[in-house]
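File shown here: run-v5.json, holding JSON, C-alpha atoms.
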[["chain", "number", "residue", "atom", "x", "y", "z"],
["A", 14, "MET", "CA", 8.63, 16.24, -27.35],
["A", 15, "ASN", "CA", 11.60, 15.50, -29.62],
["A", 16, "PHE", "CA", 9.46, 13.27, -31.85],
["A", 17, "LEU", "CA", 6.81, 16.02, -32.11],
["A", 18, "LYS", "CA", 9.46, 18.59, -33.00],
["A", 19, "THR", "CA", 10.95, 16.26, -35.60],
["A", 20, "GLY", "CA", 7.54, 15.60, -37.12],
["A", 21, "MET", "CA", 6.84, 19.31, -37.37],
["A", 22, "LEU", "CA", 10.21, 19.93, -39.03],
["A", 23, "ILE", "CA", 9.65, 17.16, -41.58],
["A", 24, "ALA", "CA", 6.22, 18.61, -42.32],
["A", 25, "ALA", "CA", 7.86, 22.02, -42.79],
["A", 26, "ILE", "CA", 10.46, 20.80, -45.25],
["A", 27, "THR", "CA", 7.80, 18.85, -47.18],
["A", 28, "ALA", "CA", 5.58, 21.92, -47.34],
["A", 29, "LEU", "CA", 8.54, 23.98, -48.51],
["A", 30, "PHE", "CA", 9.21, 21.52, -51.31],
["A", 31, "LEU", "CA", 5.59, 21.54, -52.48],
["A", 32, "GLY", "CA", 5.43, 25.31, -52.12],
["A", 33, "ILE", "CA", 8.40, 25.78, -54.43],
["A", 34, "GLY", "CA", 6.70, 23.55, -56.99],
["A", 35, "PHE", "CA", 3.57, 25.69, -56.74],
["A", 36, "LEU", "CA", 5.50, 28.97, -57.13],
["A", 37, "LEU", "CA", 7.33, 27.65, -60.17],
["A", 38, "GLY", "CA", 4.44, 25.97, -61.93],
["A", 39, "GLY", "CA", 1.19, 26.56, -60.08],
["A", 40, "THR", "CA", -0.93, 23.55, -59.19],
["A", 41, "THR", "CA", 0.71, 21.49, -61.91],
["A", 42, "GLY", "CA", 4.14, 22.35, -60.55],
["A", 43, "MET", "CA", 3.09, 21.35, -57.05],
["A", 44, "LEU", "CA", 1.82, 17.99, -58.30],
["A", 45, "ILE", "CA", 5.05, 17.42, -60.22],
["A", 46, "ALA", "CA", 7.03, 18.27, -57.09],
["A", 47, "PHE", "CA", 4.90, 15.81, -55.11],
["A", 48, "VAL", "CA", 5.59, 13.02, -57.61],
["A", 49, "ILE", "CA", 9.31, 13.83, -57.58],
["A", 50, "ALA", "CA", 9.35, 13.75, -53.78],
["A", 51, "ILE", "CA", 7.69, 10.32, -53.71],
["A", 52, "GLY", "CA", 10.08, 8.95, -56.32],
["A", 53, "MET", "CA", 13.22, 10.29, -54.64],
["A", 54, "ASN", "CA", 12.14, 9.12, -51.21],
["A", 55, "GLY", "CA", 11.29, 5.69, -52.58],
["A", 56, "PHE", "CA", 14.74, 5.40, -54.11],
["A", 57, "ALA", "CA", 16.39, 6.68, -50.93],
["A", 58, "TYR", "CA", 14.34, 4.29, -48.77],
["A", 59, "TRP", "CA", 15.69, 1.24, -50.57],
["A", 60, "ASN", "CA", 19.18, 2.38, -51.53],
["A", 61, "SER", "CA", 20.42, 5.15, -49.22],
["A", 62, "ASP", "CA", 22.30, 2.81, -46.88],
["A", 63, "LYS", "CA", 24.25, 1.20, -49.74],
["A", 64, "LEU", "CA", 25.05, 4.59, -51.25],
["A", 65, "VAL", "CA", 26.36, 6.19, -48.06],
["A", 66, "LEU", "CA", 28.46, 3.15, -47.12],
["A", 67, "LYS", "CA", 30.01, 3.09, -50.58],
["A", 68, "MET", "CA", 30.50, 6.85, -50.48],
["A", 69, "HIS", "CA", 32.67, 6.53, -47.37],
["A", 70, "GLY", "CA", 34.53, 3.40, -48.44],
["A", 71, "ALA", "CA", 33.04, 1.28, -45.66],
["A", 72, "ARG", "CA", 34.03, -2.40, -45.61],
["A", 73, "LEU", "CA", 31.92, -5.14, -44.05],
["A", 74, "VAL", "CA", 33.81, -6.92, -41.27],
["A", 75, "THR", "CA", 33.25, -10.14, -39.34],
["A", 76, "GLU", "CA", 33.97, -11.12, -35.76],
["A", 77, "THR", "CA", 37.21, -12.74, -36.94],
["A", 78, "GLU", "CA", 38.45, -9.45, -38.40],
["A", 79, "ALA", "CA", 37.22, -7.08, -35.68],
["A", 80, "PRO", "CA", 36.22, -9.17, -32.64],
["A", 81, "THR", "CA", 35.91, -6.38, -30.07],
["A", 82, "LEU", "CA", 33.83, -4.10, -32.29],
["A", 83, "VAL", "CA", 31.50, -6.88, -33.48],
["A", 84, "ARG", "CA", 30.99, -8.34, -30.00],
["A", 85, "VAL", "CA", 30.26, -4.94, -28.49],
["A", 86, "VAL", "CA", 27.65, -4.24, -31.19],
["A", 87, "GLN", "CA", 26.17, -7.72, -30.73],
["A", 88, "ASP", "CA", 25.81, -7.39, -26.96],
["A", 89, "LEU", "CA", 24.42, -3.87, -27.13],
["A", 90, "SER", "CA", 21.92, -4.94, -29.80],
["A", 91, "GLU", "CA", 20.65, -7.65, -27.47],
["A", 92, "ARG", "CA", 20.33, -5.14, -24.63],
["A", 93, "ALA", "CA", 18.42, -2.77, -26.91],
["A", 94, "GLY", "CA", 16.15, -5.52, -28.24],
["A", 95, "LEU", "CA", 17.36, -4.94, -31.81],
["A", 96, "PRO", "CA", 18.42, -7.32, -34.57],
["A", 97, "MET", "CA", 22.18, -7.48, -35.03],
["A", 98, "PRO", "CA", 23.10, -4.82, -37.62],
["A", 99, "LYS", "CA", 25.85, -5.29, -40.18],
["A", 100, "VAL", "CA", 29.18, -3.89, -38.98],
["A", 101, "TYR", "CA", 31.45, -1.88, -41.23],
["A", 102, "VAL", "CA", 34.87, -0.28, -40.88],
["A", 103, "MET", "CA", 36.00, 2.83, -42.76],
["A", 104, "GLU", "CA", 39.73, 3.24, -43.29],
["A", 105, "ASN", "CA", 39.83, 6.86, -42.19],
["A", 106, "ALA", "CA", 42.13, 8.54, -39.66],
["A", 107, "GLN", "CA", 39.34, 10.79, -38.38],
["A", 108, "PRO", "CA", 37.65, 9.13, -35.37],
["A", 109, "ASN", "CA", 33.95, 8.98, -36.20],
["A", 110, "ALA", "CA", 31.00, 6.65, -36.69],
["A", 111, "PHE", "CA", 27.48, 6.55, -38.10],
["A", 112, "ALA", "CA", 24.44, 4.31, -38.49],
["A", 113, "THR", "CA", 22.33, 3.84, -41.58],
["A", 114, "GLY", "CA", 19.48, 1.67, -42.87],
["A", 115, "ARG", "CA", 15.76, 1.99, -43.52],
["A", 116, "ASN", "CA", 14.71, -0.02, -40.44],
["A", 117, "PRO", "CA", 16.23, -2.12, -37.62],
["A", 118, "ALA", "CA", 16.08, -5.27, -39.73],
["A", 119, "ASN", "CA", 18.14, -3.64, -42.49],
["A", 120, "ALA", "CA", 20.54, -1.50, -40.48],
["A", 121, "ALA", "CA", 24.29, -1.06, -40.39],
["A", 122, "VAL", "CA", 26.79, 0.67, -38.13],
["A", 123, "ALA", "CA", 30.16, 1.92, -39.33],
["A", 124, "ALA", "CA", 33.23, 3.08, -37.43],
["A", 125, "THR", "CA", 36.48, 4.55, -38.69],
["A", 126, "THR", "CA", 39.86, 3.00, -38.02],
["A", 127, "GLY", "CA", 40.73, 6.26, -36.28],
["A", 128, "LEU", "CA", 37.94, 5.69, -33.77],
["A", 129, "LEU", "CA", 38.98, 2.08, -33.11],
["A", 130, "ALA", "CA", 42.54, 3.16, -32.43],
["A", 131, "LEU", "CA", 41.58, 6.07, -30.16],
["A", 132, "LEU", "CA", 38.81, 4.90, -27.82],
["A", 133, "THR", "CA", 38.79, 2.53, -24.88],
["A", 134, "ALA", "CA", 36.34, -0.36, -24.99],
["A", 135, "GLU", "CA", 34.00, 1.53, -22.62],
["A", 136, "GLU", "CA", 34.00, 4.57, -24.89],
["A", 137, "LEU", "CA", 33.49, 2.35, -27.93],
["A", 138, "ALA", "CA", 30.44, 0.88, -26.22],
["A", 139, "GLY", "CA", 29.09, 4.38, -25.58],
["A", 140, "VAL", "CA", 29.49, 5.33, -29.24],
["A", 141, "MET", "CA", 27.97, 2.12, -30.59],
["A", 142, "ALA", "CA", 25.06, 2.42, -28.15],
["A", 143, "HIS", "CA", 24.45, 5.93, -29.53],
["A", 144, "GLU", "CA", 24.38, 4.58, -33.09],
["A", 145, "LEU", "CA", 22.04, 1.76, -32.11],
["A", 146, "ALA", "CA", 19.79, 4.37, -30.51],
["A", 147, "HIS", "CA", 19.52, 6.06, -33.91],
["A", 148, "ILE", "CA", 18.40, 2.73, -35.35],
["A", 149, "LYS", "CA", 15.95, 2.07, -32.52],
["A", 150, "ASN", "CA", 14.46, 5.56, -32.82],
["A", 151, "ARG", "CA", 14.18, 5.22, -36.65],
["A", 152, "ASP", "CA", 16.43, 8.28, -37.00],
["A", 153, "THR", "CA", 18.27, 6.70, -39.93],
["A", 154, "LEU", "CA", 15.04, 6.76, -41.96],
["A", 155, "THR", "CA", 14.10, 10.25, -40.73],
["A", 156, "MET", "CA", 17.43, 11.73, -41.76],
["A", 157, "THR", "CA", 17.26, 9.94, -45.11],
["A", 158, "ILE", "CA", 13.89, 11.52, -45.87],
["A", 159, "THR", "CA", 14.97, 15.01, -44.83],
["A", 160, "ALA", "CA", 18.28, 14.78, -46.71],
["A", 161, "THR", "CA", 16.44, 13.61, -49.83],
["A", 162, "LEU", "CA", 13.87, 16.41, -49.63],
["A", 163, "ALA", "CA", 16.59, 18.97, -48.97],
["A", 164, "GLY", "CA", 18.47, 17.74, -52.02],
["A", 165, "ALA", "CA", 15.31, 17.86, -54.12],
["A", 166, "ILE", "CA", 14.62, 21.44, -52.98],
["A", 167, "SER", "CA", 18.12, 22.46, -54.02],
["A", 168, "MET", "CA", 17.57, 20.77, -57.36],
["A", 169, "LEU", "CA", 14.31, 22.63, -57.95],
["A", 170, "ALA", "CA", 15.95, 25.88, -56.92],
["A", 171, "ASN", "CA", 18.77, 25.33, -59.41],
["A", 172, "PHE", "CA", 16.23, 24.89, -62.21],
["A", 173, "ALA", "CA", 14.05, 27.76, -61.01],
["A", 174, "LEU", "CA", 15.56, 30.20, -63.48],
["A", 175, "PHE", "CA", 14.73, 27.92, -66.40],
["A", 176, "PHE", "CA", 11.22, 26.94, -65.31],
["A", 177, "GLY", "CA", 10.14, 30.09, -63.50],
["A", 178, "GLY", "CA", 12.33, 32.87, -64.77],
["A", 179, "ASN", "CA", 9.80, 34.76, -66.86],
["A", 180, "ARG", "CA", 7.55, 37.72, -66.38],
["A", 181, "ASN", "CA", 4.41, 35.58, -66.09],
["A", 182, "SER", "CA", 5.69, 33.37, -63.29],
["A", 183, "SER", "CA", 4.63, 34.03, -59.72],
["A", 184, "GLY", "CA", 6.85, 36.83, -58.43],
["A", 185, "GLY", "CA", 8.64, 37.25, -61.77],
["A", 186, "ILE", "CA", 12.41, 37.33, -61.96],
["A", 187, "ILE", "CA", 12.74, 38.70, -58.42],
["A", 188, "GLY", "CA", 10.60, 35.92, -57.00],
["A", 189, "THR", "CA", 12.56, 33.31, -58.93],
["A", 190, "LEU", "CA", 15.88, 34.63, -57.67],
["A", 191, "ALA", "CA", 14.50, 34.63, -54.12],
["A", 192, "ILE", "CA", 13.52, 30.97, -54.51],
["A", 193, "MET", "CA", 16.98, 30.09, -55.83],
["A", 194, "ILE", "CA", 18.70, 31.69, -52.85],
["A", 195, "LEU", "CA", 16.33, 31.26, -49.92],
["A", 196, "ALA", "CA", 14.78, 27.83, -50.58],
["A", 197, "PRO", "CA", 18.01, 25.79, -50.26],
["A", 198, "LEU", "CA", 18.98, 27.85, -47.21],
["A", 199, "ALA", "CA", 15.64, 27.18, -45.52],
["A", 200, "ALA", "CA", 15.87, 23.46, -46.36],
["A", 201, "MET", "CA", 19.38, 23.31, -44.92],
["A", 202, "LEU", "CA", 18.28, 25.00, -41.70],
["A", 203, "VAL", "CA", 15.38, 22.59, -41.23],
["A", 204, "GLN", "CA", 17.61, 19.58, -41.98],
["A", 205, "MET", "CA", 20.18, 20.74, -39.45],
["A", 206, "ALA", "CA", 17.53, 21.40, -36.82],
["A", 207, "ILE", "CA", 16.23, 17.84, -37.22],
["A", 208, "SER", "CA", 19.77, 16.47, -36.97],
["A", 209, "ARG", "CA", 20.51, 18.35, -33.74],
["A", 210, "THR", "CA", 17.23, 17.19, -32.20],
["A", 211, "ARG", "CA", 17.88, 13.55, -33.04],
["A", 212, "GLU", "CA", 21.47, 13.67, -31.69],
["A", 213, "TYR", "CA", 20.30, 14.71, -28.22],
["A", 214, "SER", "CA", 17.68, 11.96, -28.25],
["A", 215, "ALA", "CA", 20.21, 9.32, -29.36],
["A", 216, "ASP", "CA", 22.62, 10.41, -26.62],
["A", 217, "HIS", "CA", 19.91, 9.79, -24.04],
["A", 218, "THR", "CA", 18.68, 6.49, -25.46],
["A", 219, "GLY", "CA", 22.22, 5.25, -26.09],
["A", 220, "SER", "CA", 23.14, 5.95, -22.47],
["A", 221, "GLU", "CA", 20.24, 3.81, -21.34],
["A", 222, "ILE", "CA", 21.31, 1.01, -23.68],
["A", 223, "CYS", "CA", 24.92, 0.83, -22.48],
["A", 224, "GLY", "CA", 24.11, 1.78, -18.89],
["A", 225, "ASN", "CA", 26.68, 4.55, -18.42],
["A", 226, "PRO", "CA", 26.41, 8.07, -19.93],
["A", 227, "ASP", "CA", 29.99, 8.84, -18.88],
["A", 228, "TRP", "CA", 31.31, 6.41, -21.52],
["A", 229, "LEU", "CA", 29.71, 8.43, -24.32],
["A", 230, "ALA", "CA", 30.60, 11.77, -22.72],
["A", 231, "SER", "CA", 34.27, 10.78, -22.59],
["A", 232, "ALA", "CA", 34.17, 9.48, -26.16],
["A", 233, "LEU", "CA", 32.55, 12.65, -27.53],
["A", 234, "GLN", "CA", 35.32, 14.84, -26.14],
["A", 235, "LYS", "CA", 37.98, 12.64, -27.73],
["A", 236, "LEU", "CA", 36.10, 12.44, -31.01],
["A", 237, "GLU", "CA", 35.69, 16.19, -31.28],
["A", 238, "ARG", "CA", 39.42, 16.75, -30.82],
["A", 239, "GLY", "CA", 40.19, 13.98, -33.29],
["A", 240, "ALA", "CA", 37.74, 15.33, -35.88],
["A", 241, "ARG", "CA", 39.45, 18.71, -35.75],
["A", 242, "ALA", "CA", 42.89, 17.16, -36.15],
["A", 243, "HIS", "CA", 42.04, 14.91, -39.12],
["A", 244, "GLU", "CA", 40.24, 15.82, -42.33],
["A", 245, "ASN", "CA", 37.51, 13.48, -43.54],
["A", 246, "ILE", "CA", 37.89, 13.69, -47.33],
["A", 247, "PRO", "CA", 34.76, 11.66, -48.27],
["A", 248, "ALA", "CA", 32.61, 13.79, -45.94],
["A", 249, "GLU", "CA", 34.10, 17.03, -47.27],
["A", 250, "LYS", "CA", 33.22, 15.89, -50.80],
["A", 251, "ASN", "CA", 29.70, 14.89, -49.72],
["A", 252, "PRO", "CA", 28.69, 17.35, -46.97],
["A", 253, "ALA", "CA", 25.05, 16.23, -47.10],
["A", 254, "SER", "CA", 26.15, 13.09, -45.24],
["A", 255, "ALA", "CA", 27.67, 15.06, -42.34],
["A", 256, "SER", "CA", 24.52, 14.82, -40.24],
["A", 257, "LEU", "CA", 24.84, 11.02, -40.12],
["A", 258, "PHE", "CA", 28.05, 11.05, -38.08],
["A", 259, "ILE", "CA", 28.20, 11.09, -34.30],
["A", 260, "VAL", "CA", 30.37, 14.25, -34.40],
["A", 261, "ASN", "CA", 30.58, 16.75, -37.22],
["A", 262, "PRO", "CA", 33.14, 15.44, -39.73],
["A", 263, "LEU", "CA", 33.47, 18.79, -41.50],
["A", 264, "HIS", "CA", 36.04, 21.38, -40.53],
["A", 265, "GLY", "CA", 35.00, 24.89, -39.56],
["A", 266, "LYS", "CA", 31.83, 23.90, -37.69],
["A", 267, "ARG", "CA", 31.66, 24.76, -34.03],
["A", 268, "ALA", "CA", 28.80, 26.04, -31.89],
["A", 269, "ASP", "CA", 25.27, 24.81, -31.30],
["A", 270, "SER", "CA", 23.77, 27.25, -33.81],
["A", 271, "LEU", "CA", 21.35, 27.39, -36.72],
["A", 272, "PHE", "CA", 24.14, 26.46, -39.12],
["A", 273, "SER", "CA", 25.46, 23.45, -37.17],
["A", 274, "THR", "CA", 24.56, 19.88, -38.07],
["A", 275, "HIS", "CA", 25.37, 18.74, -34.53],
["A", 276, "PRO", "CA", 24.82, 20.16, -31.05],
["A", 277, "ALA", "CA", 27.93, 21.62, -29.46],
["A", 278, "THR", "CA", 29.89, 18.84, -27.77],
["A", 279, "ILE", "CA", 30.09, 20.80, -24.53],
["A", 280, "ASN", "CA", 26.28, 20.92, -24.42],
["A", 281, "ARG", "CA", 25.99, 17.21, -25.14],
["A", 282, "VAL", "CA", 28.51, 16.34, -22.43],
["A", 283, "LYS", "CA", 26.68, 18.56, -19.94],
["A", 284, "LYS", "CA", 23.39, 16.77, -20.61],
["A", 285, "LEU", "CA", 25.09, 13.38, -20.34],
["A", 286, "LYS", "CA", 26.62, 14.32, -16.98],
["A", 287, "GLU", "CA", 23.18, 15.36, -15.73],
["A", 288, "LEU", "CA", 21.71, 12.11, -17.05],
["A", 289, "ASN", "CA", 24.44, 10.10, -15.35],
["A", 290, "LEU", "CA", 23.61, 11.71, -12.01],
["A", 291, "SER", "CA", 19.95, 10.77, -12.34],
["A", 292, "MET", "CA", 20.84, 7.24, -13.45],
["A", 293, "VAL", "CA", 23.19, 6.73, -10.49],
["A", 294, "GLN", "CA", 20.45, 7.81, -8.11],
["A", 295, "GLY", "CA", 17.97, 5.34, -9.60],
["A", 296, "ARG", "CA", 20.34, 2.63, -10.81],
["A", 297, "ALA", "CA", 19.56, 0.19, -8.00],
["A", 298, "SER", "CA", 16.02, -0.27, -9.29],
["A", 299, "THR", "CA", 16.17, 0.93, -12.90],
["A", 300, "TYR", "CA", 19.56, 1.08, -14.60],
["A", 301, "ARG", "CA", 22.31, -1.49, -14.38],
["A", 302, "PRO", "CA", 25.51, -1.54, -16.41],
["A", 303, "PRO", "CA", 26.29, -4.76, -18.26],
["A", 304, "ASN", "CA", 28.46, -7.34, -16.53],
["A", 305, "SER", "CA", 32.14, -7.31, -17.41],
["A", 306, "ARG", "CA", 33.26, -9.79, -20.06],
["A", 307, "TYR", "CA", 35.83, -7.99, -22.18],
["A", 308, "THR", "CA", 39.21, -6.51, -21.47],
["A", 309, "HIS", "CA", 40.47, -3.32, -23.03],
["A", 310, "VAL", "CA", 42.89, -4.10, -25.83],
["A", 311, "THR", "CA", 45.49, -2.13, -27.66],
["A", 312, "SER", "CA", 45.33, -1.37, -31.37],
["A", 313, "THR", "CA", 47.05, -3.76, -33.74],
["A", 314, "VAL", "CA", 47.19, -3.74, -37.50],
["A", 315, "LYS", "CA", 45.67, -6.45, -39.65],
["A", 316, "SER", "CA", 46.14, -6.37, -43.38],
["A", 317, "SER", "CA", 43.09, -6.30, -45.62],
["A", 318, "GLY", "CA", 42.38, -6.28, -49.29],
["A", 319, "ARG", "CA", 42.30, -2.48, -49.23],
["A", 320, "GLY", "CA", 45.32, -1.81, -47.08],
["A", 321, "THR", "CA", 46.02, -1.94, -43.37],
["A", 322, "THR", "CA", 43.30, -1.61, -40.79],
["A", 323, "PRO", "CA", 43.97, -1.15, -37.08],
["A", 324, "TYR", "CA", 41.73, -3.23, -34.87],
["A", 325, "THR", "CA", 41.57, -3.57, -31.11],
["A", 326, "GLU", "CA", 41.85, -7.33, -30.90],
["A", 327, "GLN", "CA", 45.12, -8.34, -29.22],
["A", 328, "PRO", "CA", 45.63, -8.12, -25.45],
["A", 329, "SER", "CA", 48.02, -5.45, -24.31],
["A", 330, "LYS", "CA", 51.47, -6.58, -23.27],
["A", 331, "ASN", "CA", 51.46, -3.97, -20.56],
["A", 332, "SER", "CA", 50.43, -4.96, -17.09],
["A", 333, "ASP", "CA", 48.04, -2.02, -16.71],
["A", 334, "GLU", "CA", 45.20, -3.44, -18.76],
["A", 335, "LYS", "CA", 42.00, -1.44, -18.45],
["A", 336, "LYS", "CA", 38.64, -2.98, -18.08],
["A", 337, "GLY", "CA", 36.26, -2.72, -21.05],
["A", 338, "PRO", "CA", 32.50, -2.38, -20.92],
["A", 339, "TRP", "CA", 32.01, -6.06, -20.17],
["A", 340, "GLY", "CA", 35.19, -7.05, -18.36]]
Take the structure in the file and give it back as structure tokens.
Amino acid sequence: MNFLKTGMLIAAITALFLGIGFLLGGTTGMLIAFVIAIGMNGFAYWNSDKLVLKMHGARLVTETEAPTLVRVVQDLSERAGLPMPKVYVMENAQPNAFATGRNPANAAVAATTGLLALLTAEELAGVMAHELAHIKNRDTLTMTITATLAGAISMLANFALFFGGNRNSSGGIIGTLAIMILAPLAAMLVQMAISRTREYSADHTGSEICGNPDWLASALQKLERGARAHENIPAEKNPASASLFIVNPLHGKRADSLFSTHPATINRVKKLKELNLSMVQGRASTYRPPNSRYTHVTSTVKSSGRGTTPYTEQPSKNSDEKKGPWG
């Protein structure tokens, strides 16, 4: 059902884009809009992952630099039947994460230093499983297409006054002004609706990958509080990328509404709790959590070429070590 809804929303935003081209320039305008859409999507298909990673200052890390993060992603990728994605770290105090890439073979996951310092290993596994679910479900490509089309619609709307603002254009000045105001709004609403739909689906699939919905539920509650406490400057400067993150990185966004890029956390946690109950009931024959192999570790600081980055790699000196997702 979610895939059908997503397909219908993508069709709607594509039709909106072509419709604006038709209103501005008739059949010729629609054809031009179609060519622009193909060109922009082609560029986004091959380059969107590099652009978004650079936009947020993400740095590629190895197992030597971030052993817990890389091993968790590696193990979860094997469980999900996915190629190992590249792993990046963003030096950002706001706890958050996202996945990007045109397909599973060219995917990447990125986590902020704030997230690595805040979450337990179990919660980290829940978050990374969610991001891998986006990759498995091809959500990274879906959101790239919708973001590109939404941006193209806004671009056309900005030029509407120049290309359509005359008495002979369809709808005249009033119609042109309506396009300038309503078209970007409609595109934004469709993009946000797609994002909310895909988040719920990734929560479900990610829970199946890691084997325990409670890990993600606990992480989401921490991440929401952390996102409110810390401003994400790169995301504020590039709000179109907000839908990529596991929780909304922008301030001032709250409820599960038309104008929210993410479902309300309370609604996501509720669904995860319900899913956990069903998984517990059928776990003996269907779902099994991974065997323990890692221990929870406290955050330490390792210097890098761009500054200091906290990683969870050294065992805690305290005697109350907590078990991680694999030990």
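CA of Arg211 (chain A) is positioned 14.6 Å from CA of Leu285 (chain A).
If you measure from each of A:Phe111, A:Trp59, A:Tyr213, A:Trp228 to Ser254 (chain A) using all atoms listed in the file, the closest one turns out to be A:Phe111.
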- Query: Of the residues A:Ala142, A:Ala71, A:Ala24, A:Val65, which is the one nearest to Asn105 (chain A), using all atoms listed in the file?
  - Reply: A:Ala71
- Message: One number please: CA of Asp227 (chain A) to CA of Asn289 (chain A), in Å, one decimal.
- Response: 6.7 Å
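Rounded to one decimal, CA of Glu244 (chain A) and CA of Gly70 (chain A) lie 15.0 Å from each other.
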- Message: Could you check which residues have any atom within 12 Å of (32.3, 14.7, -49.8), counting all atoms listed in the file with coordinates taken straight from the file, and then list them as a list in words?
- Response: Val65, Lys67, Met68, His69, Gly70, Glu244, Asn245, Ile246, Pro247, Ala248, Glu249, Lys250, Asn251, Pro252, Ala253, Ser254, Ala255, Pro262 and Leu263 of chain A
Please produce an output containing C-alpha atoms for each residue in the selection, written as a PDB file, keeping the file's coordinate frame.
ATOM      1  CA  VAL A  65      26.360   6.190 -48.060  1.00  0.00           C
ATOM      2  CA  LYS A  67      30.010   3.090 -50.580  1.00  0.00           C
ATOM      3  CA  MET A  68      30.500   6.850 -50.480  1.00  0.00           C
ATOM      4  CA  HIS A  69      32.670   6.530 -47.370  1.00  0.00           C
ATOM      5  CA  GLY A  70      34.530   3.400 -48.440  1.00  0.00           C
ATOM      6  CA  GLU A 244      40.240  15.820 -42.330  1.00  0.00           C
ATOM      7  CA  ASN A 245      37.510  13.480 -43.540  1.00  0.00           C
ATOM      8  CA  ILE A 246      37.890  13.690 -47.330  1.00  0.00           C
ATOM      9  CA  PRO A 247      34.760  11.660 -48.270  1.00  0.00           C
ATOM     10  CA  ALA A 248      32.610  13.790 -45.940  1.00  0.00           C
ATOM     11  CA  GLU A 249      34.100  17.030 -47.270  1.00  0.00           C
ATOM     12  CA  LYS A 250      33.220  15.890 -50.800  1.00  0.00           C
ATOM     13  CA  ASN A 251      29.700  14.890 -49.720  1.00  0.00           C
ATOM     14  CA  PRO A 252      28.690  17.350 -46.970  1.00  0.00           C
ATOM     15  CA  ALA A 253      25.050  16.230 -47.100  1.00  0.00           C
ATOM     16  CA  SER A 254      26.150  13.090 -45.240  1.00  0.00           C
ATOM     17  CA  ALA A 255      27.670  15.060 -42.340  1.00  0.00           C
ATOM     18  CA  PRO A 262      33.140  15.440 -39.730  1.00  0.00           C
ATOM     19  CA  LEU A 263      33.470  18.790 -41.500  1.00  0.00           C
TER      20      LEU A 263
END
Coordinates of box centre and edge lengths for region 114-118 of chain A, 5 Å on every side, axis-aligned, as JSON:
{"center_x": 17.1, "center_y": -1.6, "center_z": -40.6, "size_x": 14.8, "size_y": 17.3, "size_z": 15.9}
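Candidate residues A:Ala134, A:Gly224, A:Arg238, A:Asn261 were compared for distance to Leu288 (chain A), and the nearest is A:Gly224, using all atoms listed in the file.
Excluding Ala110 (chain A) itself and any same-chain residue fewer than 6 positions from it, the protein and nucleic acid residues within 6 Å of it, counting all atoms listed in the file, are Ala123, Ala124, Phe258 and Ile259 of chain A.
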- Message: I'd like the neighbourhood of region 216-222 of chain A as a VMD selection string, where a residue qualifies if any of its atoms comes within 6 Å (using only C-alpha atoms), though same-chain residues fewer than 5 positions away should be ignored.
- Response: chain A and resid 93 142 to 143 146
Suppose we keep C-alpha atoms; can you now write the selection as a PDB file, in the frame of the given file?
ATOM      1  CA  ALA A  93      18.420  -2.770 -26.910  1.00  0.00           C
ATOM      2  CA  ALA A 142      25.060   2.420 -28.150  1.00  0.00           C
ATOM      3  CA  HIS A 143      24.450   5.930 -29.530  1.00  0.00           C
ATOM      4  CA  ALA A 146      19.790   4.370 -30.510  1.00  0.00           C
TER       5      ALA A 146
END
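Distances to Arg72 (chain A) were evaluated for A:Thr125, A:Gln87, A:Asn150, A:Gln234 using only C-alpha atoms, and the minimum falls at A:Thr125.
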- What's the 8 Å shell around Arg92 (chain A), counting all atoms listed in the file, without same-chain residues fewer than 3 positions away, as an MDAnalysis selection string? chainID A and resid 88:89 95 222:223
May I have a table of the residues of region 42-121 of chain A lying at most 12 Å from region 27-36 of chain A, giving each one's closest pair of atoms and their distance in Å to one decimal, counting all atoms listed in the file, ordered by chain and ascending residue number, as a Markdown table?
| residue | atom | partner | partner_atom | distance |
| --- | --- | --- | --- | --- |
| A:Gly42 | CA | A:Gly34 | CA | 4.5 |
| A:Met43 | CA | A:Gly34 | CA | 4.2 |
| A:Leu44 | CA | A:Gly34 | CA | 7.5 |
| A:Ile45 | CA | A:Gly34 | CA | 7.1 |
| A:Ala46 | CA | A:Gly34 | CA | 5.3 |
| A:Phe47 | CA | A:Leu31 | CA | 6.3 |
| A:Val48 | CA | A:Leu31 | CA | 9.9 |
| A:Ile49 | CA | A:Phe30 | CA | 9.9 |
| A:Ala50 | CA | A:Phe30 | CA | 8.2 |
| A:Ile51 | CA | A:Thr27 | CA | 10.7 |
| A:Asn54 | CA | A:Thr27 | CA | 11.4 |
- Message: Every residue with an atom at most 10 Å from (19.9, 0.0, -39.8) (file coordinates; all atoms listed in the file) is what I'm after, so could you write them as a list in words?
- Response: Asp62, Leu95, Pro96, Met97, Pro98, Lys99, Ala112, Thr113, Gly114, Arg115, Asn116, Pro117, Ala118, Asn119, Ala120, Ala121, Val122, Glu144, Leu145, His147, Ile148, Lys149, Arg151, Asp152, Thr153 and Leu154 of chain A
- Item | Top pick for closest residue to Glu78 (chain A), considering A:Leu66, A:Ala57, A:Val100, A:Val282 and counting all atoms listed in the file | A:Val100
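The shortest atom-to-atom distance to Gly139 (chain A), with only C-alpha atoms taken into account, belongs to A:Pro226 out of A:Pro108, A:Pro80, A:Pro226, A:Gly55.
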